[in-house]
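Asker: My file is protein39.tsv. It has TSV, C-alpha atoms and all ligand atoms:
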```tsv
chain	number	residue	atom	x	y	z
A	1	MET	CA	2.38	33.41	14.26
A	2	THR	CA	4.49	30.26	14.58
A	3	PRO	CA	5.11	28.50	11.30
A	4	PRO	CA	3.80	24.94	10.85
A	5	LEU	CA	6.09	22.07	11.74
A	6	LEU	CA	6.30	20.97	8.12
A	7	SER	CA	5.37	22.89	5.03
A	8	VAL	CA	5.77	21.46	1.55
A	9	GLN	CA	5.18	23.90	-1.29
A	10	GLY	CA	5.01	23.29	-5.00
A	11	VAL	CA	6.95	20.05	-4.88
A	12	ALA	CA	7.41	18.14	-8.14
A	13	LYS	CA	9.10	14.84	-8.80
A	14	SER	CA	9.63	12.69	-11.87
A	15	PHE	CA	11.18	9.28	-12.35
A	16	ASP	CA	12.76	9.46	-15.78
A	17	ARG	CA	10.02	11.10	-17.83
A	18	ASN	CA	7.22	9.91	-15.59
A	19	ARG	CA	5.97	12.84	-13.55
A	20	VAL	CA	4.67	11.37	-10.26
A	21	LEU	CA	4.28	14.53	-8.15
A	22	ASN	CA	2.91	17.79	-9.43
A	23	ASP	CA	3.00	21.09	-7.56
A	24	VAL	CA	2.21	19.40	-4.23
A	25	ASN	CA	1.45	21.40	-1.09
A	26	LEU	CA	1.23	19.78	2.33
A	27	GLU	CA	1.31	21.18	5.83
A	28	VAL	CA	1.55	19.38	9.15
A	29	GLY	CA	1.20	21.17	12.47
A	30	ARG	CA	2.54	20.15	15.87
A	31	GLY	CA	0.33	17.48	17.36
A	32	GLU	CA	-1.60	17.15	14.13
A	33	VAL	CA	-2.39	13.84	12.44
A	34	VAL	CA	-2.66	14.29	8.69
A	35	ALA	CA	-3.94	11.33	6.67
A	36	LEU	CA	-2.51	11.10	3.18
A	37	LEU	CA	-4.84	9.19	0.90
A	38	GLY	CA	-4.84	8.14	-2.70
A	39	GLU	CA	-5.10	5.13	-4.95
A	40	ASN	CA	-2.12	2.85	-5.57
A	41	GLY	CA	0.54	4.78	-7.43
A	42	ALA	CA	-0.93	8.20	-6.57
A	43	GLY	CA	2.45	9.31	-5.21
A	44	LYS	CA	1.97	9.04	-1.43
A	45	SER	CA	5.15	7.12	-0.69
A	46	THR	CA	7.15	9.29	-3.07
A	47	LEU	CA	5.95	12.42	-1.27
A	48	VAL	CA	6.79	11.17	2.20
A	49	ASN	CA	10.13	9.83	0.95
A	50	ILE	CA	10.95	13.37	-0.12
A	51	VAL	CA	9.93	14.71	3.30
A	52	SER	CA	12.13	12.16	5.07
A	53	GLY	CA	15.19	12.65	2.86
A	54	ALA	CA	14.99	9.24	1.15
A	55	LEU	CA	14.33	10.92	-2.21
A	56	GLN	CA	15.22	14.31	-3.62
A	57	ARG	CA	12.59	16.61	-5.08
A	58	ASP	CA	13.06	18.09	-8.54
A	59	SER	CA	11.58	21.44	-7.56
A	60	GLY	CA	9.56	23.12	-4.84
A	61	VAL	CA	10.30	24.08	-1.26
A	62	VAL	CA	10.22	22.15	2.01
A	63	ARG	CA	10.20	24.16	5.23
A	64	TRP	CA	10.84	22.61	8.62
A	65	ASN	CA	9.84	24.86	11.53
A	66	GLY	CA	9.72	27.69	9.01
A	67	GLN	CA	13.25	27.17	7.69
A	68	GLU	CA	13.83	25.99	4.17
A	69	VAL	CA	15.58	22.63	4.25
A	70	VAL	CA	17.12	20.13	1.86
A	71	PHE	CA	17.74	16.77	3.49
A	72	ARG	CA	20.38	15.03	1.45
A	73	ASP	CA	19.61	11.70	3.10
A	74	THR	CA	17.46	10.11	5.79
A	75	ALA	CA	20.17	10.62	8.42
A	76	GLU	CA	19.84	14.39	8.03
A	77	ALA	CA	16.06	14.18	8.32
A	78	ILE	CA	16.32	11.92	11.37
A	79	ALA	CA	18.70	14.39	13.00
A	80	ALA	CA	16.03	17.06	12.47
A	81	GLY	CA	13.39	14.79	14.08
A	82	ILE	CA	11.64	13.38	11.01
A	83	ILE	CA	11.19	9.64	11.40
A	84	HIS	CA	9.72	7.62	8.60
A	85	ILE	CA	8.40	4.14	9.27
A	86	HIS	CA	8.28	2.56	5.86
A	87	GLN	CA	5.64	0.43	4.24
A	88	GLU	CA	8.13	-2.42	4.48
A	89	LEU	CA	9.52	-2.45	8.00
A	90	SER	CA	13.26	-2.13	8.39
A	91	ILE	CA	13.90	-4.22	11.48
A	92	ILE	CA	17.13	-6.19	11.33
A	93	SER	CA	15.94	-9.69	12.19
A	94	SER	CA	19.26	-11.08	13.38
A	95	LEU	CA	19.85	-8.30	15.91
A	96	SER	CA	18.23	-8.07	19.32
A	97	VAL	CA	15.39	-5.66	19.95
A	98	MET	CA	17.65	-3.33	21.93
A	99	GLU	CA	20.31	-3.32	19.22
A	100	ASN	CA	17.61	-2.40	16.73
A	101	LEU	CA	16.40	0.40	18.98
A	102	PHE	CA	19.75	2.08	19.30
A	103	ILE	CA	21.50	1.10	16.11
A	104	GLY	CA	23.65	3.93	14.87
A	105	THR	CA	22.83	6.16	17.82
A	106	TYR	CA	24.16	4.45	20.90
A	107	GLU	CA	27.47	5.75	22.08
A	108	ALA	CA	30.01	3.38	23.49
A	109	GLY	CA	31.56	4.19	26.85
A	110	ARG	CA	35.05	5.41	27.56
A	111	PHE	CA	36.73	2.18	26.57
A	112	GLY	CA	34.62	1.59	23.51
A	113	VAL	CA	32.44	-0.84	25.41
A	114	ILE	CA	28.68	-0.68	25.19
A	115	ASP	CA	26.98	-0.83	28.56
A	116	ARG	CA	24.46	-3.55	27.76
A	117	LYS	CA	22.71	-3.24	31.08
A	118	ALA	CA	22.03	0.47	30.56
A	119	LEU	CA	20.92	-0.28	27.01
A	120	ARG	CA	18.49	-2.89	28.30
A	121	THR	CA	17.02	-0.57	30.92
A	122	LYS	CA	16.55	2.23	28.38
A	123	SER	CA	15.04	-0.17	25.87
A	124	ALA	CA	12.58	-1.59	28.38
A	125	ALA	CA	11.46	1.95	29.29
A	126	LEU	CA	10.93	2.88	25.64
A	127	LEU	CA	9.02	-0.30	24.90
A	128	ALA	CA	6.81	0.26	27.94
A	129	GLU	CA	6.08	3.77	26.69
A	130	VAL	CA	4.65	2.44	23.44
A	131	GLY	CA	2.61	-0.19	25.25
A	132	ALA	CA	4.98	-3.03	24.35
A	133	GLY	CA	6.44	-3.60	27.80
A	134	HIS	CA	6.02	-7.35	27.36
A	135	ILE	CA	8.82	-7.48	24.76
A	136	ASP	CA	12.17	-8.57	26.17
A	137	PRO	CA	14.80	-6.15	24.80
A	138	ARG	CA	17.29	-9.03	24.47
A	139	MET	CA	15.02	-11.01	22.19
A	140	GLU	CA	16.00	-11.52	18.56
A	141	ALA	CA	13.92	-9.00	16.60
A	142	GLY	CA	13.15	-11.48	13.82
A	143	ARG	CA	11.08	-13.52	16.26
A	144	LEU	CA	8.63	-10.67	16.89
A	145	SER	CA	5.26	-10.46	15.16
A	146	THR	CA	4.71	-7.71	12.58
A	147	ALA	CA	2.76	-5.68	15.13
A	148	GLU	CA	5.58	-6.02	17.67
A	149	GLN	CA	8.20	-5.09	15.09
A	150	GLN	CA	6.20	-2.00	14.34
A	151	MET	CA	6.09	-1.10	18.02
A	152	VAL	CA	9.88	-1.48	18.09
A	153	GLU	CA	10.12	0.90	15.14
A	154	ILE	CA	7.94	3.42	16.96
A	155	ALA	CA	9.94	3.00	20.16
A	156	LYS	CA	13.01	3.67	18.00
A	157	ALA	CA	11.37	6.88	16.78
A	158	LEU	CA	10.85	7.92	20.42
A	159	ALA	CA	14.49	7.16	21.19
A	160	ARG	CA	15.41	9.51	18.37
A	161	ASP	CA	13.13	12.23	19.70
A	162	ALA	CA	10.76	12.31	16.72
A	163	LYS	CA	9.00	15.60	15.99
A	164	LEU	CA	7.30	14.26	12.87
A	165	LEU	CA	6.41	10.64	12.46
A	166	VAL	CA	5.57	9.29	9.03
A	167	LEU	CA	3.62	6.05	9.03
A	168	ASP	CA	3.26	4.52	5.58
A	169	GLU	CA	0.40	1.99	5.69
A	170	PRO	CA	1.18	0.91	9.24
A	171	THR	CA	-1.95	-1.14	9.76
A	172	ALA	CA	-1.94	-3.14	6.53
A	173	ALA	CA	-0.65	-6.26	8.29
A	174	LEU	CA	-2.23	-5.71	11.71
A	175	THR	CA	-5.33	-7.20	13.29
A	176	PRO	CA	-7.99	-4.67	14.38
A	177	HIS	CA	-6.84	-5.18	17.98
A	178	GLU	CA	-3.20	-4.46	17.10
A	179	ALA	CA	-4.23	-1.45	15.03
A	180	GLU	CA	-6.09	-0.10	18.07
A	181	ALA	CA	-2.88	-0.41	20.13
A	182	LEU	CA	-1.02	1.49	17.42
A	183	PHE	CA	-3.62	4.27	17.48
A	184	ARG	CA	-3.22	4.64	21.22
A	185	VAL	CA	0.49	5.27	20.66
A	186	VAL	CA	-0.26	7.73	17.85
A	187	ARG	CA	-2.62	9.64	20.15
A	188	MET	CA	0.00	9.69	22.90
A	189	LEU	CA	2.58	11.10	20.47
A	190	GLN	CA	0.04	13.63	19.26
A	191	GLU	CA	-0.50	14.84	22.83
A	192	ARG	CA	3.24	15.38	23.11
A	193	GLY	CA	3.09	17.65	20.07
A	194	VAL	CA	4.49	15.20	17.54
A	195	GLY	CA	3.08	15.72	14.03
A	196	VAL	CA	2.03	12.57	12.19
A	197	ILE	CA	1.58	11.78	8.51
A	198	PHE	CA	-0.52	8.67	8.26
A	199	ILE	CA	-0.95	6.79	4.99
A	200	SER	CA	-3.70	4.21	4.86
A	201	HIS	CA	-6.23	2.65	2.55
A	202	GLN	CA	-8.58	1.96	5.47
A	203	LEU	CA	-11.04	4.82	5.51
A	204	GLU	CA	-12.58	3.88	8.83
A	205	GLU	CA	-9.33	4.18	10.68
A	206	VAL	CA	-8.48	7.38	8.83
A	207	PHE	CA	-11.70	8.96	10.06
A	208	ALA	CA	-10.97	7.70	13.58
A	209	ILE	CA	-7.42	9.00	13.88
A	210	ALA	CA	-6.86	11.93	11.51
A	211	ASP	CA	-7.36	15.64	12.10
A	212	ARG	CA	-7.04	16.41	8.41
A	213	ILE	CA	-7.31	14.41	5.19
A	214	VAL	CA	-5.22	15.17	2.14
A	215	VAL	CA	-6.04	13.28	-1.05
A	216	LEU	CA	-3.53	12.77	-3.85
A	217	ARG	CA	-4.60	11.68	-7.29
A	218	ASP	CA	-2.04	11.08	-10.05
A	219	GLY	CA	0.53	13.10	-8.13
A	220	THR	CA	-1.71	16.12	-7.54
A	221	VAL	CA	-3.39	17.16	-4.29
A	222	VAL	CA	-7.10	17.13	-5.10
A	223	SER	CA	-8.42	17.93	-1.62
A	224	ASP	CA	-7.18	18.98	1.79
A	225	LEU	CA	-9.96	19.02	4.40
A	226	PRO	CA	-10.40	18.95	8.16
A	227	VAL	CA	-11.80	15.52	8.98
A	228	LYS	CA	-15.04	17.11	10.22
A	229	GLU	CA	-15.72	18.47	6.75
A	230	ALA	CA	-14.81	15.26	4.93
A	231	SER	CA	-17.05	12.29	4.21
A	232	ARG	CA	-16.32	8.82	2.94
A	233	GLU	CA	-18.13	9.53	-0.31
A	234	ARG	CA	-16.23	12.75	-0.89
A	235	VAL	CA	-12.87	11.15	-0.13
A	236	ILE	CA	-13.52	8.17	-2.41
A	237	ALA	CA	-14.69	10.46	-5.19
A	238	ASP	CA	-11.52	12.55	-4.77
A	239	MET	CA	-9.28	9.49	-4.75
A	240	THR	CA	-10.79	7.87	-7.80
A	241	GLY	CA	-12.16	10.81	-9.74
A	242	ARG	CA	-15.48	8.98	-9.87
A	243	ILE	CA	-18.59	8.99	-7.76
A	244	PHE	CA	-18.64	5.76	-5.76
A	245	GLN	CA	-21.91	3.91	-6.00
A	246	GLY	CA	-20.94	0.74	-4.21
A	247	PHE	CA	-19.84	-2.47	-5.87
A	248	SER	CA	-21.97	-3.04	-8.91
A	249	ARG	CA	-23.26	-6.55	-8.51
A	250	ASN	CA	-24.74	-8.29	-11.41
A	251	HIS	CA	-27.09	-10.63	-9.59
A	252	GLU	CA	-28.06	-12.45	-12.72
A	253	ALA	CA	-24.44	-13.13	-13.51
A	254	ALA	CA	-23.81	-14.12	-9.89
A	255	HIS	CA	-26.14	-17.01	-10.50
A	256	GLY	CA	-24.24	-18.07	-13.59
A	257	ASP	CA	-22.03	-21.11	-14.09
A	258	VAL	CA	-19.62	-22.41	-11.51
A	259	VAL	CA	-16.18	-21.07	-12.44
A	260	LEU	CA	-14.31	-22.52	-9.50
A	261	ALA	CA	-15.17	-25.61	-7.48
A	262	VAL	CA	-12.99	-26.51	-4.53
A	263	GLU	CA	-13.46	-29.94	-2.95
A	264	ASP	CA	-11.89	-31.31	0.22
A	265	LEU	CA	-8.82	-29.16	-0.22
A	266	ALA	CA	-6.30	-29.64	2.59
A	267	ASP	CA	-2.63	-28.97	3.16
A	268	GLY	CA	-2.18	-31.76	5.65
A	269	ARG	CA	-1.30	-29.26	8.33
A	270	HIS	CA	-3.93	-26.80	9.43
A	271	VAL	CA	-6.05	-26.06	6.37
A	272	GLY	CA	-9.02	-28.10	5.35
A	273	PRO	CA	-10.66	-30.08	4.18
A	274	VAL	CA	-12.37	-27.05	2.63
A	275	GLY	CA	-14.93	-26.99	-0.13
A	276	PHE	CA	-16.96	-24.29	-1.87
A	277	THR	CA	-18.09	-23.18	-5.29
A	278	LEU	CA	-17.72	-19.80	-6.90
A	279	ARG	CA	-20.05	-18.69	-9.67
A	280	ARG	CA	-19.39	-16.26	-12.47
A	281	GLY	CA	-19.82	-12.69	-11.23
A	282	GLU	CA	-19.84	-13.70	-7.59
A	283	ILE	CA	-17.73	-12.13	-4.85
A	284	LEU	CA	-16.87	-14.66	-2.17
A	285	GLY	CA	-15.55	-13.42	1.17
A	286	VAL	CA	-13.28	-15.67	3.23
A	287	PHE	CA	-13.52	-14.80	6.89
A	288	GLY	CA	-11.58	-16.10	9.85
A	289	LEU	CA	-9.33	-15.06	12.68
A	290	VAL	CA	-5.60	-14.52	12.23
A	291	GLY	CA	-3.99	-17.95	11.96
A	292	SER	CA	-7.17	-19.68	10.84
A	293	GLY	CA	-5.71	-20.47	7.42
A	294	ARG	CA	-7.26	-17.81	5.17
A	295	THR	CA	-4.03	-16.95	3.38
A	296	GLU	CA	-3.00	-20.60	3.17
A	297	LEU	CA	-6.34	-21.52	1.57
A	298	ILE	CA	-5.90	-18.88	-1.12
A	299	GLU	CA	-2.30	-19.98	-1.66
A	300	LEU	CA	-3.46	-23.57	-2.17
A	301	ILE	CA	-5.89	-22.45	-4.84
A	302	ALA	CA	-3.30	-20.26	-6.53
A	303	GLY	CA	-0.70	-23.02	-6.69
A	304	VAL	CA	1.67	-21.35	-4.27
A	305	ARG	CA	1.25	-23.95	-1.55
A	306	LYS	CA	1.25	-27.68	-2.11
A	307	PRO	CA	-2.01	-29.38	-1.22
A	308	ALA	CA	-2.01	-32.75	0.53
A	309	SER	CA	-5.43	-33.68	-0.84
A	310	GLY	CA	-8.48	-32.32	-2.61
A	311	THR	CA	-9.31	-30.89	-6.00
A	312	VAL	CA	-9.74	-27.49	-7.57
A	313	ARG	CA	-11.89	-27.40	-10.70
A	314	ARG	CA	-11.80	-24.45	-13.06
A	315	GLU	CA	-14.90	-24.36	-15.24
A	316	GLY	CA	-15.41	-28.06	-14.79
A	317	LYS	CA	-11.85	-29.13	-15.59
A	318	VAL	CA	-9.72	-30.52	-12.79
A	319	ALA	CA	-6.99	-27.96	-12.50
A	320	LEU	CA	-5.05	-28.32	-9.33
A	321	PRO	CA	-2.34	-25.90	-10.37
A	322	ALA	CA	1.18	-27.30	-10.37
A	323	ASP	CA	2.57	-23.93	-9.35
A	324	ALA	CA	1.72	-20.24	-9.38
A	325	ARG	CA	2.67	-19.95	-13.05
A	326	ALA	CA	0.26	-22.73	-14.02
A	327	ALA	CA	-2.47	-21.14	-11.90
A	328	TRP	CA	-1.90	-17.83	-13.66
A	329	ALA	CA	-2.08	-19.55	-17.04
A	330	SER	CA	-5.43	-21.10	-16.08
A	331	GLY	CA	-6.78	-17.67	-15.16
A	332	ILE	CA	-6.23	-17.60	-11.40
A	333	ALA	CA	-4.48	-14.45	-10.23
A	334	ILE	CA	-3.45	-13.79	-6.65
A	335	LEU	CA	-2.72	-10.45	-5.02
A	336	PRO	CA	-0.76	-11.45	-1.93
A	337	GLU	CA	-0.85	-9.63	1.40
A	338	GLY	CA	2.86	-8.80	1.45
A	339	ARG	CA	3.63	-7.24	-1.87
A	340	ARG	CA	7.38	-6.84	-1.40
A	341	PRO	CA	8.17	-10.40	-0.29
A	342	THR	CA	5.68	-12.22	-2.51
A	343	GLY	CA	4.07	-9.81	-4.96
A	344	SER	CA	4.55	-8.76	-8.59
A	345	CYS	CA	6.71	-10.73	-10.99
A	346	ARG	CA	8.31	-12.58	-8.15
A	347	THR	CA	5.15	-14.64	-8.07
A	348	CYS	CA	6.54	-16.45	-11.09
A	349	ARG	CA	9.42	-17.65	-8.98
A	350	TRP	CA	7.26	-18.75	-6.09
A	351	ARG	CA	7.89	-22.32	-5.19
A	352	ARG	CA	5.62	-24.68	-3.44
A	353	THR	CA	6.19	-24.84	0.28
A	401	LIG	N1	11.99	4.46	-7.59
A	401	LIG	C1	11.08	4.58	-8.53
A	401	LIG	N2	11.44	4.56	-9.84
A	401	LIG	C2	10.51	4.72	-10.81
A	401	LIG	N3	9.21	4.90	-10.59
A	401	LIG	C3	8.79	4.92	-9.31
A	401	LIG	C4	9.71	4.78	-8.22
A	401	LIG	N4	8.99	4.86	-7.06
A	401	LIG	C5	7.73	5.05	-7.42
A	401	LIG	N5	7.59	5.09	-8.76
A	401	LIG	C6	6.33	5.35	-9.49
A	401	LIG	O1	5.78	6.54	-9.01
A	401	LIG	C7	4.37	6.46	-8.91
A	401	LIG	C8	3.96	6.78	-7.51
A	401	LIG	O2	4.38	5.72	-6.66
A	401	LIG	P1	4.22	5.73	-5.08
A	401	LIG	O3	4.96	4.54	-4.59
A	401	LIG	O4	4.62	7.06	-4.56
A	401	LIG	O5	2.65	5.53	-4.94
A	401	LIG	P2	1.77	5.29	-3.63
A	401	LIG	O6	0.71	6.34	-3.64
A	401	LIG	O7	2.64	5.19	-2.45
A	401	LIG	O8	1.09	3.88	-3.97
A	401	LIG	P3	0.71	2.63	-3.00
A	401	LIG	O9	-0.63	2.97	-2.40
A	401	LIG	O10	0.62	1.51	-3.96
A	401	LIG	O11	1.79	2.47	-1.99
A	401	LIG	C9	4.01	5.07	-9.38
A	401	LIG	O12	3.63	5.17	-10.72
A	401	LIG	C10	5.28	4.29	-9.22
A	401	LIG	O13	5.35	3.24	-10.14
A	402	MG	MG	3.08	3.62	-1.14
```
Could you express the structure from this file as structure tokens?
Ligand SMILES: Nc1ncnc2c1ncn2[C@@H]1O[C@H](COP(=O)(O)OP(=O)(O)OP(=O)(O)O)[C@@H](O)[C@H]1O
Ligand SMILES: [Mg+2]

Answerer:
Amino acid sequence: MTPPLLSVQGVAKSFDRNRVLNDVNLEVGRGEVVALLGENGAGKSTLVNIVSGALQRDSGVVRWNGQEVVFRDTAEAIAAGIIHIHQELSIISSLSVMENLFIGTYEAGRFGVIDRKALRTKSAALLAEVGAGHIDPRMEAGRLSTAEQQMVEIAKALARDAKLLVLDEPTAALTPHEAEALFRVVRMLQERGVGVIFISHQLEEVFAIADRIVVLRDGTVVSDLPVKEASRERVIADMTGRIFQGFSRNHEAAHGDVVLAVEDLADGRHVGPVGFTLRRGEILGVFGLVGSGRTELIELIAGVRKPASGTVRREGKVALPADARAAWASGIAILPEGRRPTGSCRTCRWRRT
């Protein structure tokens, strides 16, 4: 019997005294898409970082094609065919797309000169393969959209002859249409026998793309099921350790006092004037297409973006926050879409744009 492509057995990892992975087992076969699920902080990224050589395990065994391996760094894992596309993309904005594709791997010719024409032809072929043939390889990578940058990263994985592709929350910043394009590429890779570890918080896409679902909770694998045997309810219960009964809405409370009243709020560019009220206990959804100003609206309310006009009232008091710190002090918290560039304590340093 041929061994699985990847087999992780009994892996443990701690940061200082904080144990974040506990006796973890994980297998990925050729052409298999394994979804790795778990709540924030469950240990998903840590686990895949160990697989791709970015972190070292404290104990346990990793086998690659049946052979025990220790990748001392990502370069060793890449050489073996394990390509990890991180939660935060690693495109170098100031380089061209083709330079990004072949960085560190392209060999110069006899006189130390890189044949740019050959590089361009190869790049165009790779981009076409991942359905991104419209991208000009000479273009500066920083000018690409997130979805395009991701396609460049996947094209780069193809250039490096990936056998296992690790995608850590690849769709978090994509529109449904862009995510669909990504899934087409994943399916194509799968048909070629590439194994995929797919981390996502979007259960619908997990059920659409995965062959198997592995759930981590507090660093321990709590379930490992073929997708056919899994259900949303089961997966959520495994992830959280609780039975999910939907959002508990307190309808009485939802008809309580107005806690936030937004009037004629506008940024003088493309948001507003917008107005709405939010009552205690209410959940208000903001819907719109990409570019319609959803994020900007929230940033105006949270003091991150400077409004041109309008008011924001918190519990009756006019409280157009001076900045994110003032908004926080008045009880408005924001969880931004890009947690590395704008999240956590950096929020305090956010300036108005
Ligand atoms: N370099 C590090 N140093 C110290 N602690 C870390 C480090 N990286 C991760 N952790 C901690 O390890 C735990 C697991 O983190 P990890 O990033 O693996 O979670 P995750 O499942 O990927 O979460 P998310 O869904 O938020 O991406 C967390 O408690 C985190 O704070
Ligand atoms: Mg993570």

Asker: May I have the protein, DNA and RNA residues with any atom at most 12 Å from the point (-4.0, -24.4, -3.6), counting all atoms listed in the file, written as a PyMOL selection string?

Answerer: chain A and resi 261-268+271-275+293-313+319-324+326-327+332-334+352-353

Asker: Can you write out the residues you just picked, keeping C-alpha atoms, as a PDB file, in the coordinates of the input?

Answerer:
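Dumped to selection_26.pdb:
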```pdb
ATOM      1  CA  ALA A 261     -15.170 -25.610  -7.480  1.00  0.00           C
ATOM      2  CA  VAL A 262     -12.990 -26.510  -4.530  1.00  0.00           C
ATOM      3  CA  GLU A 263     -13.460 -29.940  -2.950  1.00  0.00           C
ATOM      4  CA  ASP A 264     -11.890 -31.310   0.220  1.00  0.00           C
ATOM      5  CA  LEU A 265      -8.820 -29.160  -0.220  1.00  0.00           C
ATOM      6  CA  ALA A 266      -6.300 -29.640   2.590  1.00  0.00           C
ATOM      7  CA  ASP A 267      -2.630 -28.970   3.160  1.00  0.00           C
ATOM      8  CA  GLY A 268      -2.180 -31.760   5.650  1.00  0.00           C
ATOM      9  CA  VAL A 271      -6.050 -26.060   6.370  1.00  0.00           C
ATOM     10  CA  GLY A 272      -9.020 -28.100   5.350  1.00  0.00           C
ATOM     11  CA  PRO A 273     -10.660 -30.080   4.180  1.00  0.00           C
ATOM     12  CA  VAL A 274     -12.370 -27.050   2.630  1.00  0.00           C
ATOM     13  CA  GLY A 275     -14.930 -26.990  -0.130  1.00  0.00           C
ATOM     14  CA  GLY A 293      -5.710 -20.470   7.420  1.00  0.00           C
ATOM     15  CA  ARG A 294      -7.260 -17.810   5.170  1.00  0.00           C
ATOM     16  CA  THR A 295      -4.030 -16.950   3.380  1.00  0.00           C
ATOM     17  CA  GLU A 296      -3.000 -20.600   3.170  1.00  0.00           C
ATOM     18  CA  LEU A 297      -6.340 -21.520   1.570  1.00  0.00           C
ATOM     19  CA  ILE A 298      -5.900 -18.880  -1.120  1.00  0.00           C
ATOM     20  CA  GLU A 299      -2.300 -19.980  -1.660  1.00  0.00           C
ATOM     21  CA  LEU A 300      -3.460 -23.570  -2.170  1.00  0.00           C
ATOM     22  CA  ILE A 301      -5.890 -22.450  -4.840  1.00  0.00           C
ATOM     23  CA  ALA A 302      -3.300 -20.260  -6.530  1.00  0.00           C
ATOM     24  CA  GLY A 303      -0.700 -23.020  -6.690  1.00  0.00           C
ATOM     25  CA  VAL A 304       1.670 -21.350  -4.270  1.00  0.00           C
ATOM     26  CA  ARG A 305       1.250 -23.950  -1.550  1.00  0.00           C
ATOM     27  CA  LYS A 306       1.250 -27.680  -2.110  1.00  0.00           C
ATOM     28  CA  PRO A 307      -2.010 -29.380  -1.220  1.00  0.00           C
ATOM     29  CA  ALA A 308      -2.010 -32.750   0.530  1.00  0.00           C
ATOM     30  CA  SER A 309      -5.430 -33.680  -0.840  1.00  0.00           C
ATOM     31  CA  GLY A 310      -8.480 -32.320  -2.610  1.00  0.00           C
ATOM     32  CA  THR A 311      -9.310 -30.890  -6.000  1.00  0.00           C
ATOM     33  CA  VAL A 312      -9.740 -27.490  -7.570  1.00  0.00           C
ATOM     34  CA  ARG A 313     -11.890 -27.400 -10.700  1.00  0.00           C
ATOM     35  CA  ALA A 319      -6.990 -27.960 -12.500  1.00  0.00           C
ATOM     36  CA  LEU A 320      -5.050 -28.320  -9.330  1.00  0.00           C
ATOM     37  CA  PRO A 321      -2.340 -25.900 -10.370  1.00  0.00           C
ATOM     38  CA  ALA A 322       1.180 -27.300 -10.370  1.00  0.00           C
ATOM     39  CA  ASP A 323       2.570 -23.930  -9.350  1.00  0.00           C
ATOM     40  CA  ALA A 324       1.720 -20.240  -9.380  1.00  0.00           C
ATOM     41  CA  ALA A 326       0.260 -22.730 -14.020  1.00  0.00           C
ATOM     42  CA  ALA A 327      -2.470 -21.140 -11.900  1.00  0.00           C
ATOM     43  CA  ILE A 332      -6.230 -17.600 -11.400  1.00  0.00           C
ATOM     44  CA  ALA A 333      -4.480 -14.450 -10.230  1.00  0.00           C
ATOM     45  CA  ILE A 334      -3.450 -13.790  -6.650  1.00  0.00           C
ATOM     46  CA  ARG A 352       5.620 -24.680  -3.440  1.00  0.00           C
ATOM     47  CA  THR A 353       6.190 -24.840   0.280  1.00  0.00           C
TER      48      THR A 353
END
```

Asker: For each of A:Leu335, A:Ile114, A:Ile213, A:Val34, take the minimum atom-to-atom distance to A:Ser231, counting only C-alpha atoms, then give the residue where this is smallest.

Answerer: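 Residue with the minimum atom-to-atom distance to A:Ser231: A:Ile213.
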
Asker: Near A:Leu119, within 9 Å and counting only C-alpha atoms, which residues show up once chain neighbours fewer than 3 positions away are dropped, as a PyMOL selection string?

Answerer: chain A and resi 98-99+102+106+114-116+122-124+137

Asker: Any chance you could tabulate, as a tab-separated table, the residues of chain A at most 10 Å from ligand LIG 401 (chain A) with each one's nearest atom pair and distance in Å to one decimal, using only C-alpha atoms and all ligand atoms, in chain and rising number order?

Answerer:
```
residue	atom	partner	partner_atom	distance
A:Lys13	CA	A:LIG401	O1	8.9
A:Ser14	CA	A:LIG401	O1	7.8
A:Phe15	CA	A:LIG401	C2	4.9
A:Asp16	CA	A:LIG401	C2	7.2
A:Arg17	CA	A:LIG401	C2	9.5
A:Asn18	CA	A:LIG401	N3	7.4
A:Arg19	CA	A:LIG401	O1	7.8
A:Val20	CA	A:LIG401	C7	5.1
A:Leu21	CA	A:LIG401	C8	7.8
A:Leu36	CA	A:LIG401	O6	8.9
A:Leu37	CA	A:LIG401	O6	7.7
A:Gly38	CA	A:LIG401	O6	5.9
A:Glu39	CA	A:LIG401	O9	5.6
A:Asn40	CA	A:LIG401	O10	3.4
A:Gly41	CA	A:LIG401	O5	3.3
A:Ala42	CA	A:LIG401	O6	3.8
A:Gly43	CA	A:LIG401	O4	3.2
A:Lys44	CA	A:LIG401	O6	3.7
A:Ser45	CA	A:LIG401	O7	3.6
A:Thr46	CA	A:LIG401	O4	3.7
A:Leu47	CA	A:LIG401	O4	6.4
A:Val48	CA	A:LIG401	O4	8.2
A:Asn49	CA	A:LIG401	O4	8.3
A:Ile50	CA	A:LIG401	O4	10.0
A:Leu55	CA	A:LIG401	N1	8.7
A:Gln87	CA	A:LIG401	O11	7.6
A:Asp168	CA	A:LIG401	O11	8.0
A:Glu169	CA	A:LIG401	O11	7.8
A:Ile199	CA	A:LIG401	O9	8.3
A:Ser200	CA	A:LIG401	O9	8.0
A:His201	CA	A:LIG401	O9	7.5
A:Leu216	CA	A:LIG401	O6	7.7
A:Arg217	CA	A:LIG401	O6	8.4
A:Asp218	CA	A:LIG401	C8	7.8
A:Gly219	CA	A:LIG401	C8	7.2
A:Arg339	CA	A:LIG401	O10	9.5
```

Asker: List the spatial neighbours of A:Gly195 as JSON, numbers by chain - criterion: any atom at most 8 Å away, all atoms listed in the file, same-chain residues fewer than 2 positions off excluded.

Answerer: {"A": [5, 28, 29, 30, 31, 32, 33, 34, 163, 164, 165, 189, 190, 193, 197]}

Asker: Could you give me the centre and size, in Å to one decimal, of an axis-aligned box around all listed atoms of stretch 75-87 of chain A with 8 Å added on every side, as AutoDock Vina command-line options?

Answerer:
```
--center_x 12.9 --center_y 8.7 --center_z 9.2 --size_x 30.5 --size_y 32.6 --size_z 25.8
```
